[in-house]
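Undergrad: Got a file for you: input_21.pdb, PDB, C-alpha atoms.
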MODEL        1
ATOM      1  CA  ALA A 763      27.171  -9.758 -16.096
ATOM      2  CA  VAL A 764      24.771 -10.521 -13.249
ATOM      3  CA  GLN A 765      23.619  -6.910 -13.149
ATOM      4  CA  ALA A 766      23.042  -6.945 -16.906
ATOM      5  CA  VAL A 767      20.871 -10.045 -16.582
ATOM      6  CA  GLU A 768      18.859  -8.441 -13.764
ATOM      7  CA  GLU A 769      18.313  -5.317 -15.852
ATOM      8  CA  LEU A 770      17.156  -7.510 -18.736
ATOM      9  CA  TYR A 771      14.633  -9.237 -16.455
ATOM     10  CA  VAL A 772      13.286  -5.885 -15.282
ATOM     11  CA  LYS A 773      13.068  -4.365 -18.771
ATOM     12  CA  GLU A 774      11.900  -7.328 -20.848
ATOM     13  CA  TYR A 775       9.911  -9.449 -18.398
ATOM     14  CA  GLY A 776       8.567  -6.864 -15.966
ATOM     15  CA  TYR A 777      10.303  -8.389 -12.926
ATOM     16  CA  PRO A 778      10.645  -6.149  -9.836
ATOM     17  CA  ALA A 779      13.956  -4.302  -9.513
ATOM     18  CA  TRP A 780      16.643  -5.631  -7.153
ATOM     19  CA  PRO A 781      17.217  -3.291  -4.148
ATOM     20  CA  GLU A 782      20.126  -0.975  -4.932
ATOM     21  CA  GLU A 783      21.760  -1.557  -1.534
ATOM     22  CA  MET A 784      22.100  -5.276  -2.303
ATOM     23  CA  ARG A 785      24.461  -4.404  -5.170
ATOM     24  CA  ASP A 786      26.988  -2.845  -2.754
ATOM     25  CA  PRO A 787      29.168  -5.544  -1.098
ATOM     26  CA  ASP A 788      30.210  -3.126   1.677
ATOM     27  CA  TYR A 789      26.707  -1.959   2.607
ATOM     28  CA  PHE A 790      25.928  -4.538   5.314
ATOM     29  CA  ARG A 791      29.484  -4.489   6.655
ATOM     30  CA  GLU A 792      29.201  -0.757   7.320
ATOM     31  CA  GLU A 793      25.693  -1.093   8.738
ATOM     32  CA  LEU A 794      26.764  -3.777  11.210
ATOM     33  CA  ARG A 795      29.787  -1.697  12.275
ATOM     34  CA  LYS A 796      27.556   1.270  13.111
ATOM     35  CA  MET A 797      25.089  -0.978  14.922
ATOM     36  CA  ARG A 798      27.810  -2.357  17.198
ATOM     37  CA  THR A 799      29.496   0.960  17.981
ATOM     38  CA  ASP A 800      27.121   3.926  17.591
ATOM     39  CA  PRO A 801      24.218   4.338  20.064
ATOM     40  CA  ARG A 802      22.983   7.333  18.055
ATOM     41  CA  TYR A 803      22.465   4.988  15.132
ATOM     42  CA  ASN A 804      21.325   1.907  17.076
ATOM     43  CA  ARG A 805      18.968   2.870  19.903
ATOM     44  CA  ASN A 806      18.777  -0.784  20.991
ATOM     45  CA  LEU A 807      22.315  -0.938  22.411
ATOM     46  CA  GLY A 808      22.005  -2.114  26.015
ATOM     47  CA  ARG A 809      18.180  -2.304  25.936
ATOM     48  CA  SER A 810      15.986  -5.219  26.926
ATOM     49  CA  MET A 811      14.191  -7.060  24.140
ATOM     50  CA  ASP A 812      10.672  -5.702  24.577
ATOM     51  CA  GLN A 813       8.266  -4.964  21.720
ATOM     52  CA  GLU A 814       9.692  -1.485  21.177
ATOM     53  CA  PHE A 815      13.147  -3.068  20.815
ATOM     54  CA  TRP A 816      11.931  -5.086  17.832
ATOM     55  CA  ASN A 817      10.005  -2.140  16.411
ATOM     56  CA  ASP A 818      13.166  -0.011  16.488
ATOM     57  CA  ALA A 819      15.183  -2.858  14.958
ATOM     58  CA  ALA A 820      12.718  -3.078  12.075
ATOM     59  CA  ARG A 821      13.128   0.674  11.439
ATOM     60  CA  LEU A 822      16.874   0.431  10.839
ATOM     61  CA  PRO A 823      17.915   0.910   7.190
ATOM     62  CA  TRP A 824      19.478  -2.545   6.830
ATOM     63  CA  ALA A 825      16.298  -4.183   8.156
ATOM     64  CA  LYS A 826      14.244  -2.333   5.558
ATOM     65  CA  VAL A 827      16.671  -3.496   2.860
ATOM     66  CA  LEU A 828      16.204  -7.106   3.978
ATOM     67  CA  MET A 829      12.436  -6.698   3.923
ATOM     68  CA  ARG A 830      12.630  -5.199   0.433
ATOM     69  CA  ARG A 831      14.776  -8.140  -0.641
ATOM     70  CA  GLU A 832      12.207 -10.619   0.650
ATOM     71  CA  GLN A 833       9.439  -8.641  -1.036
ATOM     72  CA  HIS A 834      11.500  -8.634  -4.245
ATOM     73  CA  TRP A 835      11.664 -12.413  -4.348
ATOM     74  CA  SER A 836       8.015 -12.770  -3.336
ATOM     75  CA  ASP A 837       6.896 -10.392  -6.085
ATOM     76  CA  ARG A 838       9.201 -12.042  -8.600
ATOM     77  CA  LYS A 839       7.869 -15.503  -7.783
ATOM     78  CA  SER A 840       4.286 -14.288  -8.059
ATOM     79  CA  LEU A 841       4.960 -12.657 -11.433
ATOM     80  CA  TRP A 842       6.807 -15.715 -12.717
ATOM     81  CA  LEU A 843       3.904 -17.991 -11.749
ATOM     82  CA  GLN A 844       1.453 -15.684 -13.531
ATOM     83  CA  GLN A 845       3.647 -15.678 -16.642
ATOM     84  CA  TYR A 846       4.069 -19.467 -16.493
ATOM     85  CA  GLN A 847       0.324 -19.999 -16.239
ATOM     86  CA  THR A 848      -0.183 -17.643 -19.192
ATOM     87  CA  VAL A 849       2.376 -19.570 -21.275
ATOM     88  CA  VAL A 850       0.775 -22.935 -20.431
ATOM     89  CA  ARG A 851      -2.700 -21.604 -21.206
ATOM     90  CA  CYS A 852      -1.593 -20.059 -24.520
ATOM     91  CA  ASN A 853       0.288 -23.213 -25.593
ATOM     92  CA  GLN A 854      -2.775 -25.331 -24.937
ATOM     93  CA  GLY A 855      -4.964 -22.738 -26.617
ATOM     94  CA  ARG A 856      -2.802 -22.750 -29.761
ATOM     95  CA  GLU A 857      -3.101 -26.530 -29.993
ATOM     96  CA  ASP A 858      -6.868 -26.323 -29.587
ATOM     97  CA  VAL A 859      -7.197 -23.541 -32.176
ATOM     98  CA  GLY A 860      -5.032 -25.485 -34.662
ATOM     99  CA  GLU A 861      -7.269 -28.526 -34.334
ATOM    100  CA  LEU A 862     -10.434 -26.456 -34.628
ATOM    101  CA  LEU A 863      -9.174 -24.681 -37.756
ATOM    102  CA  GLU A 864      -8.621 -28.063 -39.427
ATOM    103  CA  ASP A 865     -12.387 -28.495 -39.529
ATOM    104  CA  CYS A 866     -13.019 -24.996 -40.952
ATOM    105  CA  PRO A 867     -13.617 -24.303 -44.678
ATOM    106  CA  GLY A 868     -10.757 -23.355 -46.961
ATOM    107  CA  ASP A 869     -11.648 -19.655 -47.140
ATOM    108  CA  VAL A 870     -11.271 -19.296 -43.376
ATOM    109  CA  LYS A 871      -7.948 -21.147 -43.422
ATOM    110  CA  ARG A 872      -6.650 -18.971 -46.245
ATOM    111  CA  LEU A 873      -7.625 -15.849 -44.304
ATOM    112  CA  VAL A 874      -6.055 -16.891 -41.002
ATOM    113  CA  ALA A 875      -3.125 -19.225 -41.754
ATOM    114  CA  PRO A 876      -0.609 -16.625 -43.097
ATOM    115  CA  VAL A 877      -0.996 -14.377 -40.029
ATOM    116  CA  MET A 878      -1.547 -16.904 -37.226
ATOM    117  CA  LYS A 879       2.056 -16.493 -36.087
ATOM    118  CA  TYR A 880       1.318 -12.956 -34.880
ATOM    119  CA  LYS A 881       0.149 -12.583 -31.288
ATOM    120  CA  VAL A 882      -2.563 -10.057 -32.103
ATOM    121  CA  VAL A 883      -4.298 -12.565 -34.440
ATOM    122  CA  GLU A 884      -3.693 -15.393 -32.028
ATOM    123  CA  ALA A 885      -5.453 -13.388 -29.306
ATOM    124  CA  VAL A 886      -8.595 -13.108 -31.455
ATOM    125  CA  LEU A 887      -8.619 -16.832 -32.214
ATOM    126  CA  LEU A 888      -8.025 -17.776 -28.578
ATOM    127  CA  SER A 889     -10.884 -15.501 -27.530
ATOM    128  CA  VAL A 890     -13.228 -17.223 -30.013
ATOM    129  CA  SER A 891     -12.034 -20.644 -28.859
ATOM    130  CA  ASP A 892     -12.693 -19.747 -25.206
ATOM    131  CA  GLU A 893     -16.168 -18.494 -26.094
ATOM    132  CA  ALA A 894     -16.917 -21.707 -27.998
ATOM    133  CA  ARG A 895     -15.862 -23.803 -25.014
ATOM    134  CA  GLU A 896     -17.908 -21.721 -22.548
ATOM    135  CA  THR A 897     -21.096 -21.485 -24.627
ATOM    136  CA  GLY A 898     -21.005 -24.857 -26.396
ATOM    137  CA  LEU A 899     -21.451 -23.174 -29.793
ATOM    138  CA  PRO A 900     -19.417 -24.350 -32.809
ATOM    139  CA  PHE A 901     -16.054 -22.630 -33.269
ATOM    140  CA  GLU A 902     -16.686 -22.124 -36.998
ATOM    141  CA  ALA A 903     -20.048 -20.443 -36.367
ATOM    142  CA  LEU A 904     -18.524 -18.008 -33.896
ATOM    143  CA  LEU A 905     -15.601 -17.353 -36.239
ATOM    144  CA  ARG A 906     -18.003 -16.482 -39.072
ATOM    145  CA  ARG A 907     -19.825 -13.794 -37.127
ATOM    146  CA  PRO A 908     -19.574 -10.514 -39.085
ATOM    147  CA  GLU A 909     -17.713  -8.629 -36.343
ATOM    148  CA  VAL A 910     -15.119 -11.423 -35.926
ATOM    149  CA  LEU A 911     -14.567 -11.788 -39.659
ATOM    150  CA  LEU A 912     -14.237  -8.020 -40.013
ATOM    151  CA  GLU A 913     -11.621  -7.941 -37.251
ATOM    152  CA  LEU A 914      -9.619 -10.783 -38.844
ATOM    153  CA  GLN A 915      -9.883  -9.262 -42.329
ATOM    154  CA  SER A 916      -8.746  -5.884 -41.014
ATOM    155  CA  ALA A 917      -5.784  -7.492 -39.216
ATOM    156  CA  ARG A 918      -4.845  -9.451 -42.338
ATOM    157  CA  ALA A 919      -4.993  -6.334 -44.512
ATOM    158  CA  ARG A 920      -2.868  -4.270 -42.124
ATOM    159  CA  ILE A 921      -0.261  -7.000 -41.749
ATOM    160  CA  ASP A 922      -0.139  -7.606 -45.511
ATOM    161  CA  ARG A 923       0.590  -3.910 -46.011
ATOM    162  CA  GLY A 924       2.989  -3.321 -43.129
ATOM    163  CA  GLY A 925       4.420  -6.726 -42.276
ATOM    164  CA  ALA A 926       5.921  -7.486 -38.878
ATOM    165  CA  ALA A 927       6.275  -3.794 -37.966
ATOM    166  CA  GLU A 928       2.540  -3.269 -38.405
ATOM    167  CA  ALA A 929       1.836  -6.407 -36.361
ATOM    168  CA  ARG A 930       3.943  -4.951 -33.537
ATOM    169  CA  ARG A 931       1.972  -1.700 -33.670
ATOM    170  CA  MET A 932      -1.282  -3.642 -33.526
ATOM    171  CA  GLN A 933       0.025  -5.609 -30.543
ATOM    172  CA  GLU A 934       0.949  -2.381 -28.762
ATOM    173  CA  GLU A 935      -2.579  -1.083 -29.381
ATOM    174  CA  LEU A 936      -4.024  -4.310 -27.984
ATOM    175  CA  ASP A 937      -1.702  -4.181 -24.954
ATOM    176  CA  ALA A 938      -2.834  -0.610 -24.241
ATOM    177  CA  LEU A 939      -6.481  -1.671 -24.400
ATOM    178  CA  MET A 940      -5.797  -4.630 -22.100
ATOM    179  CA  ALA A 941      -3.948  -2.405 -19.625
ATOM    180  CA  ARG A 942      -6.890  -0.011 -19.598
ATOM    181  CA  ALA A 943      -9.279  -2.920 -19.029
ATOM    182  CA  ARG A 944      -7.142  -4.126 -16.117
ATOM    183  CA  ARG A 945      -7.183  -0.652 -14.563
ATOM    184  CA  ILE A 946     -10.963  -0.496 -14.897
ATOM    185  CA  ALA A 947     -11.316  -3.964 -13.347
ATOM    186  CA  GLU A 948      -9.004  -2.997 -10.473
ATOM    187  CA  ALA A 949     -11.000   0.188  -9.847
ATOM    188  CA  ALA A 950     -14.219  -1.834  -9.862
ATOM    189  CA  ARG A 951     -12.720  -4.305  -7.373
ATOM    190  CA  GLU A 952     -11.667  -1.502  -5.040
ATOM    191  CA  ARG A 953     -15.113   0.075  -5.356
ATOM    192  CA  ASP A 954     -16.772  -3.248  -4.491
ATOM    193  CA  GLU A 955     -14.515  -3.636  -1.445
ATOM    194  CA  ARG A 956     -15.416  -0.138  -0.293
ATOM    195  CA  GLU A 957     -19.131  -0.786  -0.751
ATOM    196  CA  ARG A 958     -18.914  -4.043   1.208
ATOM    197  CA  GLY A 959     -17.487  -2.063   4.100
ATOM    198  CA  ARG A 960     -15.287  -3.164   6.963
ATOM    199  CA  ALA A 961     -15.396  -6.627   8.487
ATOM    200  CA  ALA A 962     -16.242  -6.799  12.197
ATOM    201  CA  ILE A 963     -13.515  -8.388  14.327
ATOM    202  CA  ASP A 964     -13.212  -9.245  18.016
ATOM    203  CA  MET A 965     -11.369  -7.153  20.586
ATOM    204  CA  GLU A 966      -8.136  -9.129  20.305
ATOM    205  CA  GLY A 967      -8.074  -8.718  16.548
ATOM    206  CA  LEU A 968      -8.844  -5.027  16.926
ATOM    207  CA  ARG A 969      -6.009  -4.618  19.434
ATOM    208  CA  ILE A 970      -3.541  -6.208  16.995
ATOM    209  CA  ALA A 971      -4.800  -4.009  14.134
ATOM    210  CA  LEU A 972      -4.537  -0.843  16.238
ATOM    211  CA  GLU A 973      -1.026  -1.694  17.444
ATOM    212  CA  PHE A 974       0.107  -2.356  13.895
ATOM    213  CA  GLY A 975      -1.514   0.868  12.715
ATOM    214  CA  GLN A 976       0.265   2.837  15.460
ATOM    215  CA  LYS A 977       3.557   1.211  14.517
ATOM    216  CA  CYS A 978       3.079   2.101  10.835
ATOM    217  CA  LYS A 979       2.172   5.663  11.793
ATOM    218  CA  LYS A 980       5.306   6.056  13.929
ATOM    219  CA  ASP A 981       7.545   4.355  11.350
ATOM    220  CA  GLY A 982       6.281   6.758   8.707
ATOM    221  CA  LEU A 983       6.765   9.811  10.910
ATOM    222  CA  LEU A 984      10.362   8.853  11.673
ATOM    223  CA  GLU A 985      11.108   8.383   7.984
ATOM    224  CA  TRP A 986       9.352  11.662   7.163
ATOM    225  CA  LEU A 987      11.515  13.533   9.679
ATOM    226  CA  ARG A 988      14.595  12.011   8.027
ATOM    227  CA  GLY A 989      13.416  13.320   4.668
ATOM    228  CA  ASN A 990      12.546   9.860   3.304
ATOM    229  CA  ALA A 991       9.134  10.584   1.807
ATOM    230  CA  GLU A 992       9.007   7.321  -0.168
ATOM    231  CA  GLU A 993       9.724   5.192   2.920
ATOM    232  CA  ALA A 994       7.168   7.190   4.897
ATOM    233  CA  LEU A 995       4.569   6.645   2.186
ATOM    234  CA  THR A 996       5.261   2.894   2.214
ATOM    235  CA  SER A 997       4.719   2.697   5.979
ATOM    236  CA  TRP A 998       1.487   4.705   5.869
ATOM    237  CA  ARG A 999       0.203   2.602   2.969
ATOM    238  CA  GLN A1000       0.733  -0.510   5.070
ATOM    239  CA  GLY A1001      -1.209   0.988   7.963
ATOM    240  CA  ASP A1002      -4.047   2.076   5.681
ATOM    241  CA  ALA A1003      -4.218  -1.360   4.012
ATOM    242  CA  THR A1004      -4.754  -2.950   7.437
ATOM    243  CA  LEU A1005      -7.105  -0.494   9.136
ATOM    244  CA  ARG A1006      -9.416   0.009   6.141
ATOM    245  CA  ARG A1007     -10.480  -3.654   6.353
ATOM    246  CA  PHE A1008     -11.732  -3.859   9.940
ATOM    247  CA  ARG A1009     -14.071  -2.398  12.543
ATOM    248  CA  ALA A1010     -15.216  -3.320  16.033
ATOM    249  CA  PRO A1011     -18.786  -4.575  16.602
ATOM    250  CA  ALA A1012     -21.375  -1.801  16.335
ATOM    251  CA  ARG A1013     -21.905  -1.682  20.111
ATOM    252  CA  CYS A1014     -18.228  -0.775  20.674
ATOM    253  CA  VAL A1015     -18.592   2.947  19.946
ATOM    254  CA  HIS A1016     -15.423   4.021  21.766
ATOM    255  CA  GLU A1017     -13.255   1.415  20.025
ATOM    256  CA  ASN A1018     -14.605   2.331  16.603
ATOM    257  CA  ALA A1019     -13.901   5.994  17.344
ATOM    258  CA  MET A1020     -10.275   5.093  18.230
ATOM    259  CA  LEU A1021      -9.960   3.164  14.981
ATOM    260  CA  ALA A1022     -11.415   6.060  12.960
ATOM    261  CA  ASP A1023      -9.073   8.588  14.602
ATOM    262  CA  LEU A1024      -5.986   6.489  13.893
ATOM    263  CA  HIS A1025      -7.069   5.695  10.343
ATOM    264  CA  SER A1026      -7.818   9.377   9.665
ATOM    265  CA  ALA A1027      -4.330  10.340  10.834
ATOM    266  CA  LEU A1028      -2.749   7.692   8.621
ATOM    267  CA  LEU A1029      -4.769   8.829   5.617
ATOM    268  CA  ARG A1030      -3.832  12.474   6.157
ATOM    269  CA  ASN A1031      -0.173  11.524   6.410
ATOM    270  CA  LEU A1032      -0.447   9.277   3.357
ATOM    271  CA  SER A1033      -2.001  12.122   1.389
ATOM    272  CA  GLN A1034       0.763  14.512   2.491
ATOM    273  CA  ALA A1035       3.520  12.100   1.415
ATOM    274  CA  ALA A1036       1.791  11.491  -1.916
ATOM    275  CA  LEU A1037       1.617  15.255  -2.463
ATOM    276  CA  ARG A1038       5.354  15.545  -1.769
ATOM    277  CA  LEU A1039       5.995  12.862  -4.408
ATOM    278  CA  GLU A1040       3.467  14.430  -6.817
ATOM    279  CA  LEU A1041       1.235  11.336  -6.747
ATOM    280  CA  TRP A1042      -1.825  13.522  -7.127
ATOM    281  CA  THR A1043      -4.441  10.805  -7.647
ATOM    282  CA  GLU A1044      -3.319   8.823  -4.609
ATOM    283  CA  ALA A1045      -3.198  12.006  -2.526
ATOM    284  CA  LEU A1046      -6.758  12.862  -3.555
ATOM    285  CA  ASP A1047      -8.031   9.351  -2.805
ATOM    286  CA  ALA A1048      -6.457   9.347   0.668
ATOM    287  CA  ALA A1049      -7.847  12.812   1.479
ATOM    288  CA  ASP A1050     -11.320  11.831   0.272
ATOM    289  CA  ARG A1051     -11.304   8.713   2.437
ATOM    290  CA  ALA A1052     -10.161  10.753   5.431
ATOM    291  CA  LEU A1053     -13.130  13.059   4.833
ATOM    292  CA  GLU A1054     -15.458  10.044   4.775
ATOM    293  CA  LEU A1055     -14.326   9.380   8.346
ATOM    294  CA  CYS A1056     -14.616  13.060   9.375
ATOM    295  CA  PHE A1057     -16.443  15.283   6.892
ATOM    296  CA  ASP A1058     -15.035  18.594   8.243
ATOM    297  CA  ASP A1059     -11.397  17.501   8.736
ATOM    298  CA  HIS A1060      -9.712  20.742   7.694
ATOM    299  CA  ARG A1061      -6.273  19.163   7.249
ATOM    300  CA  ALA A1062      -7.722  16.530   4.908
ATOM    301  CA  LEU A1063      -9.574  19.299   3.059
ATOM    302  CA  TYR A1064      -6.320  21.201   2.601
ATOM    303  CA  ARG A1065      -4.602  18.126   1.168
ATOM    304  CA  ARG A1066      -7.604  17.484  -1.065
ATOM    305  CA  THR A1067      -7.395  21.034  -2.407
ATOM    306  CA  CYS A1068      -3.675  20.653  -3.159
ATOM    307  CA  ALA A1069      -4.248  17.314  -4.913
ATOM    308  CA  LEU A1070      -7.023  18.764  -7.088
ATOM    309  CA  GLU A1071      -4.772  21.667  -8.017
ATOM    310  CA  GLY A1072      -1.988  19.226  -8.914
ATOM    311  CA  LEU A1073      -4.411  17.336 -11.183
ATOM    312  CA  GLY A1074      -5.379  20.575 -12.914
ATOM    313  CA  ARG A1075      -8.990  20.391 -11.694
ATOM    314  CA  PHE A1076      -9.046  24.029 -10.701
ATOM    315  CA  ASP A1077     -12.826  24.545 -10.398
ATOM    316  CA  GLU A1078     -13.051  21.635  -7.954
ATOM    317  CA  ALA A1079      -9.980  22.920  -6.118
ATOM    318  CA  ARG A1080     -11.646  26.323  -5.717
ATOM    319  CA  ALA A1081     -14.815  24.702  -4.321
ATOM    320  CA  SER A1082     -12.710  22.587  -1.970
ATOM    321  CA  LEU A1083     -10.850  25.696  -0.795
ATOM    322  CA  GLU A1084     -14.151  27.429   0.003
ATOM    323  CA  ARG A1085     -15.207  24.377   1.990
ATOM    324  CA  LEU A1086     -11.846  24.447   3.774
ATOM    325  CA  GLN A1087     -12.340  28.103   4.733
ATOM    326  CA  ASP A1088     -15.714  27.266   6.287
ATOM    327  CA  ALA A1089     -14.318  24.253   8.160
ATOM    328  CA  ALA A1090     -11.298  26.198   9.482
ATOM    329  CA  VAL A1091     -13.356  28.920  11.186
ATOM    330  CA  GLY A1092     -12.479  29.053  14.878
ATOM    331  CA  ARG A1093      -9.628  26.540  14.659
ATOM    332  CA  VAL A1094      -6.197  27.511  15.925
ATOM    333  CA  ASP A1095      -4.386  24.727  13.989
TER     334      ASP A1095
ENDMDL
END
Translate this structure into structure tokens?

TA:
Amino acid sequence: AVQAVEELYVKEYGYPAWPEEMRDPDYFREELRKMRTDPRYNRNLGRSMDQEFWNDAARLPWAKVLMRREQHWSDRKSLWLQQYQTVVRCNQGREDVGELLEDCPGDVKRLVAPVMKYKVVEAVLLSVSDEARETGLPFEALLRRPEVLLELQSARARIDRGGAAEARRMQEELDALMARARRIAEAARERDERERGRAAIDMEGLRIALEFGQKCKKDGLLEWLRGNAEEALTSWRQGDATLRRFRAPARCVHENAMLADLHSALLRNLSQAALRLELWTEALDAADRALELCFDDHRALYRRTCALEGLGRFDEARASLERLQDAAVGRVD
């Protein structure tokens, strides 16, 4: 029953999925047994508790499961709060729209009232209400604009013909448009972050960032050697998310070069893991960013070529391959 409820939450409400290992009551019992008895499995047996001790502990499968569990609840709480805020905002918006419609002429009420119960119509009315509040213009005047009236009349006609099924189709169309708008906004945000560039930090902050980047690189390599491409990709994403944000002061040329070298390696690895998982767009983005750090990085060029081929952009892949051939001249690797 509990599993059925969790699956309902994932399917209907978009909640993150519960880690599969947490469904197995014997999983942690077996993990702890191997930790206590098998030095091949637990490299920390008999070791002192230095930093590498804790790094190795965090790489153990059960530790990753616990971290995924914590991330599950964090993501679920965040999503629930977003949904709760949306519900509160929509409830208040419906009350406001109902009061505003009371002051509208009868023809507007007759047009809107029979279909107000459908979300797709409600979204139009809420949008007009928000605009009226932001601009100070009368709700009725905004509602009578030709484009708004045409949209409401079209919605009314479609719903009158097709009923609730047509309203669901219209909602799916609206959801697809909203999802596309969110993707565009997210791309614009990432582009703005890239244009702003890295924030300068002091030497202590840089040391912490570099140590974390090295840890993520090593964690990913260990998972890659075990054949866990998804876990490797997660580790390299974490390293990239940290290193892409920072730089040393401009006078610290050597430190910035160290940061660029480590970040380039992480991006190349990230691109390779994304290629293995057929995440072509992510692989291309990582390879392109590696090339921004080193324009003739032949390994990044190779990954870029593979990603372009995976996306079906064959002309660009051919041009990238020619560039790779030029960059690889004289290199033994």

Undergrad: When you look at Ala1079 in chain A with a cut-off of 6 Å (counting all atoms listed in the file), what residues show up, excluding the ones that are within fewer than 6 positions of it in the same chain? I need them as a list in words.

TA: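 The residues satisfying every condition are Thr1067, Leu1070 and Glu1071 of chain A.
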
Undergrad: Could you list, as number ranges by chain, every residue within 12 Å of range 891-897 of chain A, counting all atoms listed in the file and ignoring same-chain residues fewer than 3 positions away?

TA: A: 851-852, 854-863, 884-888, 900-905

Undergrad: Would you kindly translate the PyMOL selection byres ((chain A and resi 832-849) around 8) into the concrete residues it picks from this file, as a list in words?

TA: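 What the PyMOL selection byres ((chain A and resi 832-849) around 8) grabs from the file is Tyr777, Pro778, Ala779, Trp780, Pro781, Leu828, Met829, Arg830, Arg831, Val850, Arg851, Cys852 and Asn853 of chain A.
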
Undergrad: For the file shown, what are the residues hit by the PyMOL selection byres ((chain A and resi 920-928) around 12), laid out as number ranges by chain?

TA: A: 873-874, 876-883, 913-919, 929-935

Undergrad: List as a list in words the protein and nucleic acid residues near range 988-994 of chain A, meaning an atom at most 9 Å away when all atoms listed in the file are counted, but skip any in the same chain fewer than 2 places from it.

TA: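 My list of contacting residues is Cys978, Lys979, Asp981, Gly982, Leu983, Leu984, Glu985, Trp986, Thr996, Ser997, Trp998, Arg999, Asn1031, Leu1032, Ala1035, Ala1036, Arg1038 and Leu1039 of chain A.
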
Undergrad: Can you spit out the residues from that selection as a PDB file, in the coordinates of the input, using C-alpha atoms?

TA:
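Saved the output as out_33.pdb:
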ATOM      1  CA  CYS A 978       3.079   2.101  10.835  1.00  0.00           C
ATOM      2  CA  LYS A 979       2.172   5.663  11.793  1.00  0.00           C
ATOM      3  CA  ASP A 981       7.545   4.355  11.350  1.00  0.00           C
ATOM      4  CA  GLY A 982       6.281   6.758   8.707  1.00  0.00           C
ATOM      5  CA  LEU A 983       6.765   9.811  10.910  1.00  0.00           C
ATOM      6  CA  LEU A 984      10.362   8.853  11.673  1.00  0.00           C
ATOM      7  CA  GLU A 985      11.108   8.383   7.984  1.00  0.00           C
ATOM      8  CA  TRP A 986       9.352  11.662   7.163  1.00  0.00           C
ATOM      9  CA  THR A 996       5.261   2.894   2.214  1.00  0.00           C
ATOM     10  CA  SER A 997       4.719   2.697   5.979  1.00  0.00           C
ATOM     11  CA  TRP A 998       1.487   4.705   5.869  1.00  0.00           C
ATOM     12  CA  ARG A 999       0.203   2.602   2.969  1.00  0.00           C
ATOM     13  CA  ASN A1031      -0.173  11.524   6.410  1.00  0.00           C
ATOM     14  CA  LEU A1032      -0.447   9.277   3.357  1.00  0.00           C
ATOM     15  CA  ALA A1035       3.520  12.100   1.415  1.00  0.00           C
ATOM     16  CA  ALA A1036       1.791  11.491  -1.916  1.00  0.00           C
ATOM     17  CA  ARG A1038       5.354  15.545  -1.769  1.00  0.00           C
ATOM     18  CA  LEU A1039       5.995  12.862  -4.408  1.00  0.00           C
TER      19      LEU A1039
END

Undergrad: Apply the PyMOL selection byres ((chain A and resi 1050-1053) around 12) to the file shown and report the selected residues as an mmCIF file with C-alpha atoms, keeping the file's coordinate frame.

TA:
data_model
loop_
_atom_site.group_PDB
_atom_site.id
_atom_site.type_symbol
_atom_site.label_atom_id
_atom_site.label_comp_id
_atom_site.auth_asym_id
_atom_site.auth_seq_id
_atom_site.Cartn_x
_atom_site.Cartn_y
_atom_site.Cartn_z
ATOM 1 C CA ARG A 956 -15.416 -0.138 -0.293
ATOM 2 C CA ASP A 1002 -4.047 2.076 5.681
ATOM 3 C CA ARG A 1006 -9.416 0.009 6.141
ATOM 4 C CA ALA A 1022 -11.415 6.060 12.960
ATOM 5 C CA ASP A 1023 -9.073 8.588 14.602
ATOM 6 C CA LEU A 1024 -5.986 6.489 13.893
ATOM 7 C CA HIS A 1025 -7.069 5.695 10.343
ATOM 8 C CA SER A 1026 -7.818 9.377 9.665
ATOM 9 C CA ALA A 1027 -4.330 10.340 10.834
ATOM 10 C CA LEU A 1028 -2.749 7.692 8.621
ATOM 11 C CA LEU A 1029 -4.769 8.829 5.617
ATOM 12 C CA ARG A 1030 -3.832 12.474 6.157
ATOM 13 C CA ASN A 1031 -0.173 11.524 6.410
ATOM 14 C CA LEU A 1032 -0.447 9.277 3.357
ATOM 15 C CA SER A 1033 -2.001 12.122 1.389
ATOM 16 C CA GLN A 1034 0.763 14.512 2.491
ATOM 17 C CA THR A 1043 -4.441 10.805 -7.647
ATOM 18 C CA GLU A 1044 -3.319 8.823 -4.609
ATOM 19 C CA ALA A 1045 -3.198 12.006 -2.526
ATOM 20 C CA LEU A 1046 -6.758 12.862 -3.555
ATOM 21 C CA ASP A 1047 -8.031 9.351 -2.805
ATOM 22 C CA ALA A 1048 -6.457 9.347 0.668
ATOM 23 C CA ALA A 1049 -7.847 12.812 1.479
ATOM 24 C CA GLU A 1054 -15.458 10.044 4.775
ATOM 25 C CA LEU A 1055 -14.326 9.380 8.346
ATOM 26 C CA CYS A 1056 -14.616 13.060 9.375
ATOM 27 C CA PHE A 1057 -16.443 15.283 6.892
ATOM 28 C CA ASP A 1058 -15.035 18.594 8.243
ATOM 29 C CA ASP A 1059 -11.397 17.501 8.736
ATOM 30 C CA HIS A 1060 -9.712 20.742 7.694
ATOM 31 C CA ARG A 1061 -6.273 19.163 7.249
ATOM 32 C CA ALA A 1062 -7.722 16.530 4.908
ATOM 33 C CA LEU A 1063 -9.574 19.299 3.059
ATOM 34 C CA TYR A 1064 -6.320 21.201 2.601
ATOM 35 C CA ARG A 1065 -4.602 18.126 1.168
ATOM 36 C CA ARG A 1066 -7.604 17.484 -1.065
ATOM 37 C CA THR A 1067 -7.395 21.034 -2.407
ATOM 38 C CA ALA A 1069 -4.248 17.314 -4.913
ATOM 39 C CA LEU A 1070 -7.023 18.764 -7.088
ATOM 40 C CA SER A 1082 -12.710 22.587 -1.970
ATOM 41 C CA ARG A 1085 -15.207 24.377 1.990
ATOM 42 C CA LEU A 1086 -11.846 24.447 3.774
ATOM 43 C CA ALA A 1089 -14.318 24.253 8.160
#

Undergrad: So which one's closest to Phe790 in chain A, A:Arg906, A:Leu822, A:Cys866, A:Leu912? Using only C-alpha atoms, please.

TA: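 Closest to Phe790 in chain A, using only C-alpha atoms: A:Leu822.
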